[in-house]
Each structure stands twice: as structure tokens, then as C-alpha cells.
Amino acid sequence: MLTVAQYEVIRRKVLVDGISQREVARELGHSRKTVKKAVEHPLPLGYRRRQPRTQPVLEPVRAMIEAWLEADRERPRKQRHTAQRVFERLRDEHQFAGSYSPIQRFVASWKRQQGLHTSDVYVPLVFAAGEEAQVDWGEARVLVNGQERTLQFFCVRLAFSRATFVRAYERQDQVSFLDGHVRALSFFGGVPKRLAYDNLKTAVIRVGRGRERDLNQKFVELRSWYLFDTRFCNVSSGHEKGHVENLVKRVQRTFLTPLPEVSSLEELNRQLERDCQRELDQTTRDPRDGVERTSRELFAEEQAQLRPLPTQAYAACDEEATRIDKFSTARFANCSYSVPVEHAHQPCVVRGYLDRVEIFCEHECVATHRRGTAAAKTAAAKTVTDQYVLEPRHYLPLLARKPGLLHNGRPFQGEPFGPDFALLRRELEYRYAADGTKQFLRVLLLLTDHPEADVFAAVSKCVALRAFNADAIENTLRNAPLNLPSSRLDLSDRPELANVGSGIRLATDYDALFETQRDRDADRDADRDTDRDTDADRAADSPASRRTSAPGHESLIDESLIDESLVDHRGADAAPLAETCASFIDTRCCSPDTLCCSGIKVDLVPVPDPVPITRKEDAA
């Protein structure tokens, strides 16, 4: 190929000196075609391919790329493949070994052929560390449990480090907007100096002239809580917050392309949080010197410039004052939420969070429920269908006076207390007919007097043993306390009894305890017989007999109670315990119907006074 200097020589000889092209070709040793080309073109035309260059790396995936781009025609405009996303999928999913450049050229060429190629112009913005974060909403479609749904995405990006936060919500409502701020600032670990918005309704009520804005009261509370400044863009000027606009596009075309398939909104948010963490490893240019650094490095520097978070997070909720009606429910956002019946007909305050509703009476939280979905209006009647979120435990006190609620009361429909209670009710009504329902009511009323966990455990235990009876459940609850720490016999004031042993005793130890008592009873009976013989000798004519016992009470010990007490107080040594009990019985230190200090029940039986003996001599 000739150079520009050689072109100049040829052109001078022909066009200036007037020499023919044939003579110039002969003189300079070029072909006549080359001389003609130099005369016609001031500069060399360069190399031109007669056939397009082959692309051996791209050819195997060309059809796949075209299929993806064709499928994008049916997808939302903001969730279509970019050249970068096509390259990432080929690299990660199909082990593509080529570079990004041929993919970029192919996608651009394909879009030009389809008339889809557009070009946008952006102006780069520069911000100091911690100066500004930009906020915006995005929309995308996601497959949730196999069903395609449209979700809203709350996006925040720090302008200096490009650190991002993204979270999915069902709606772009006030509570979601406030909750997104609370979670984003917690994710960043601080508060930037200023937050930039467009004129979204959850923050701006009215747009005035210039920078004049009338703000939503809840948004003013949020701004006062975290003490950040605000900047609102001009109308239809989203490019004034270009960082977050680019983030929304990246979320739609990278995080959510292809459409993610998840089982719940919580799973999707966990996936988005991982994506935000990976974004910190992306390289970007430092706005100060143009040196490439990772967003994580810049974010660590920016965090030091953020204002510390308040000690307590802002309560992201709607608040409404209302009154509890005769059904013991409070109305909020087209749903009725139950409260305990003792608070019926009282004023209350309802706080509606994103996932729950709290009801307060006299500044005390009396009920907490999951947030019900807003009821929709019917197209024909334009009426709102009521939805109830009821807790059956709130209505248990009414069952004692209104047992019919168990059959038709809305709170008790289905299996509100779980499968064990449902099985118990079926078995009781099958085994005891009408009395079975009364027994089930007795079991339910136990929830008002005992810890809920203990009642549920007692019911589960009896159902497992097929002991379908209210008395069995009450006995289990009373005699076998559940979830209580085991106790030991306190012998701190009797060190002579505090012998530490293994707690295992032979049966002969119990026999010895009763042998000692029986020996004492035998000696006492022998003394009584001796007294009777003496009295009989002195009053042979009197058939009366008397029991020779000291005035007072005769002590009798329940052997089963001794055994049960020894089991209950197995931390103490059985031998000194038995001796102590015997000594108490002998000395009659216990009062009737009480426990002796060793923990054994002693029943004391009154003994009648001695019968006076009448002598014949005295009678005469």
C-alpha cells in the first residue's frame, strides 16, 4: 500500500508537471491502476475487505443471542437484555471464552437492523463523600410461585461511592416509602447530608414555583428524625439525579433479567441484598483523580463522612385514632382487627406497619396482628368487602357465657388452635356426645388461667396418649407442671440432713422407715394393753375399756405420700429424711392437715378424751 508521500509525488507529476500517467507509471515503477487511483484520490483509501471477517468465537452463540433479543420484544422495555447483560450470561451460564467487544458490536448491529437502536446523552455529576444520596422507585415483573407479578423497587445510591440499596415492595405507598428509608440508612450505617428526589406523591403534596414544595407530614417527621436535607428535581427532569436513574436500569436489566423465580417476597429481598453486596466489588473511577477503585473502598471512605444514626429507628407506620366497636374490633385500612373483649367500646390508636398492625389503649399495646391486605371494591356495587383479622384468644372469656360461639363464631372457625385441639374436639364430641363440647370448652378456658405454652403442651401430651378427657388435661396441667425448672429440697437450716448422695435408694430403705413406725406403734399398743389390764383389775365389774394414749391427737402417716415426697425431693438423702419424719411423728410437732418441715404430709386424727371409770365403791 502506498503512503501519503508517494501519493503526493504521483499527483505532482501528473497534475502539476503535466506528465502522462503512462510515463509516471513507467518512471516510478507503479502500475497504471495505482497511478490512476492516486490521481483520483488525494489520500490513500486504505484496506478494504471484500468479504466480512469471520467470527469463530461468536458463531456458536449467535443464534442464542438472537433468540434472547427476540424474546425481549415481549418483555417490559426496562427489563430487556443489554450487550453487557448478554456477555455476562454467556460467560457465567455457557462458559463463553470471548471478549465483550464482539458481543457489543453484534448487539448494536442487530438493533440497528431491527430499528431499535437509540442513543442517550448524559452529563456526569461530581459529589463529595457523604454529600448526597439519590432516591427513586422502579418497577419490574417477577415470577413469584410461578405467577408473574409486578413489584415496586425502592432504590437508593450514594453519589460518591456508588454504594447501592434495593428492596422490593408490593406498593409504592407511604409506609413502604418510609420503611425503605429506614432500611437503606441502616444498610449504609449512617445518614448522608442530603437526599435527592423527584416529585413523588409520598413526599411532595404540591409543587410550587421554582424550589417551592409542600411536603407530606410523615415525610417531614422522617426528615426531622434523621436530620437530612432534601433536593427535589425539576418536573420531568429525572436526569438531575442520574446516579439513581442508572441504578434503576441496572436493577431491571441485570438483577432482574431474566425474570427471577422466587417463592416469596422475602426470598427476593434476600437475593437483592446479595446483589447489592456484590455491587460493592465493582470497579469505578474515583471522581477526584480518575483512578479506578472498587466501590467498597470508596464506600469505606464515605461511611466516615456520614452522620451517625439515631439510637432508635423511626417507626415507619401510618397512625389512626379510632374506637373499638361492639365486636371488639378496631377498623383500619378496610380491615377489622380484634382486641381483648375487656377493651371493647374504648378509644384506641392503631399503628399500621408494613407487616403488622399494633393497637394501643391508653398508651398500652393491647393487640398485635399481621397486616391484612386491603379489600378491593367490587365493580358493580362500588362497596368495600370487609376483611377480618381475628385472634380467637381475645374472645375466650365470652365462651363461659356464650358457649354457642364455639360453633358459629367467626374467630373459632377452622382450626385456630392447631391440629391437636381440633382432634381433641372431634374425639370428645364423638365419645361424650353433647357433654364432649362442654369438656372442650373447659379445655379452652384453661388458656385464660394458665400459661398458653403449658396448656398447649398438656393437650399435645394427652392427645399423644389418646387420653381424650378434660379431667386428664387438667390433671396433667396441675400435677405435671411443664416448662418449670426442677427444684431441690432446701436444707440450708438443717445441715445435719444435707447429705449429698446419688439420689438412688434401695427399697429396703423405705421398708426400714415403715418398720420403725410399726415398732413404735406396737410398743404403744402394748402399753395400752398393760393399762387396760391394770384398770380391769381395779374395776373388774366395769366392761368399759379405754385407750391409753396421751390427750391430744394420734398421728398417722400416709405411706404413699412418703414415697411421693421422697421422689419429689430426690436431691436430699432418704435415710435422714425418714428419721426426721419419724421423729416428728413421735414428738407430734405437726399441726393437722399441714406439711412437716421435711416435706411429708402428716394426717393427724383427733383421739377422744379418756372415758371416766366408775367404781362400785364410788357409786355406793
# chains A, B, ... in the order shown; residues from 1 in each chain; ligands from 1
>>> select_by_dssp(residues="range 168-212 of chain A", states="strand (DSSP E)", output="list in words")
Ala168, Tyr169, Arg194, Leu195, Ala196, Tyr197, Val204, Ile205, Arg206 and Val207 of chain A
>>> residues_around(residues="Cys348 in chain A", least_positions_apart="2", cutoff="9 Å", atoms="only C-alpha atoms", output="list in words")
Glu320, Ala321, Thr322, Arg323, Ile324, Ala330, Gln346, Val350, Ile359, Phe360, Cys361, Glu362 and His363 of chain A
>>> select_by_dssp(residues="range 263-487 of chain A", states="alpha helix (DSSP H)", output="VMD selection string")
chain A and resid 265 to 279 295 to 303 396 to 399 405 to 408 419 to 432 434 to 445 452 to 464 470 to 479
>>> closest_residue(among="A:Ala315, A:Gly138, A:Gln84, A:Glu302", to="Tyr226 in chain A", atoms="only C-alpha atoms")
A:Ala315
>>> closest_residue(among="A:Glu59, A:Glu474, A:Asp136, A:Asp72", to="Asp454 in chain A", atoms="only C-alpha atoms")
A:Glu474
>>> closest_residue(among="A:Ser236, A:Asn246, A:Gln303, A:Gln174", to="Glu319 in chain A", atoms="only C-alpha atoms")
A:Gln174
>>> residues_around(residues="Pro419 in chain A", least_positions_apart="6", cutoff="12 Å", atoms="only C-alpha atoms", output="ChimeraX atom specification")
/A:425-426,456,459-460,463-464
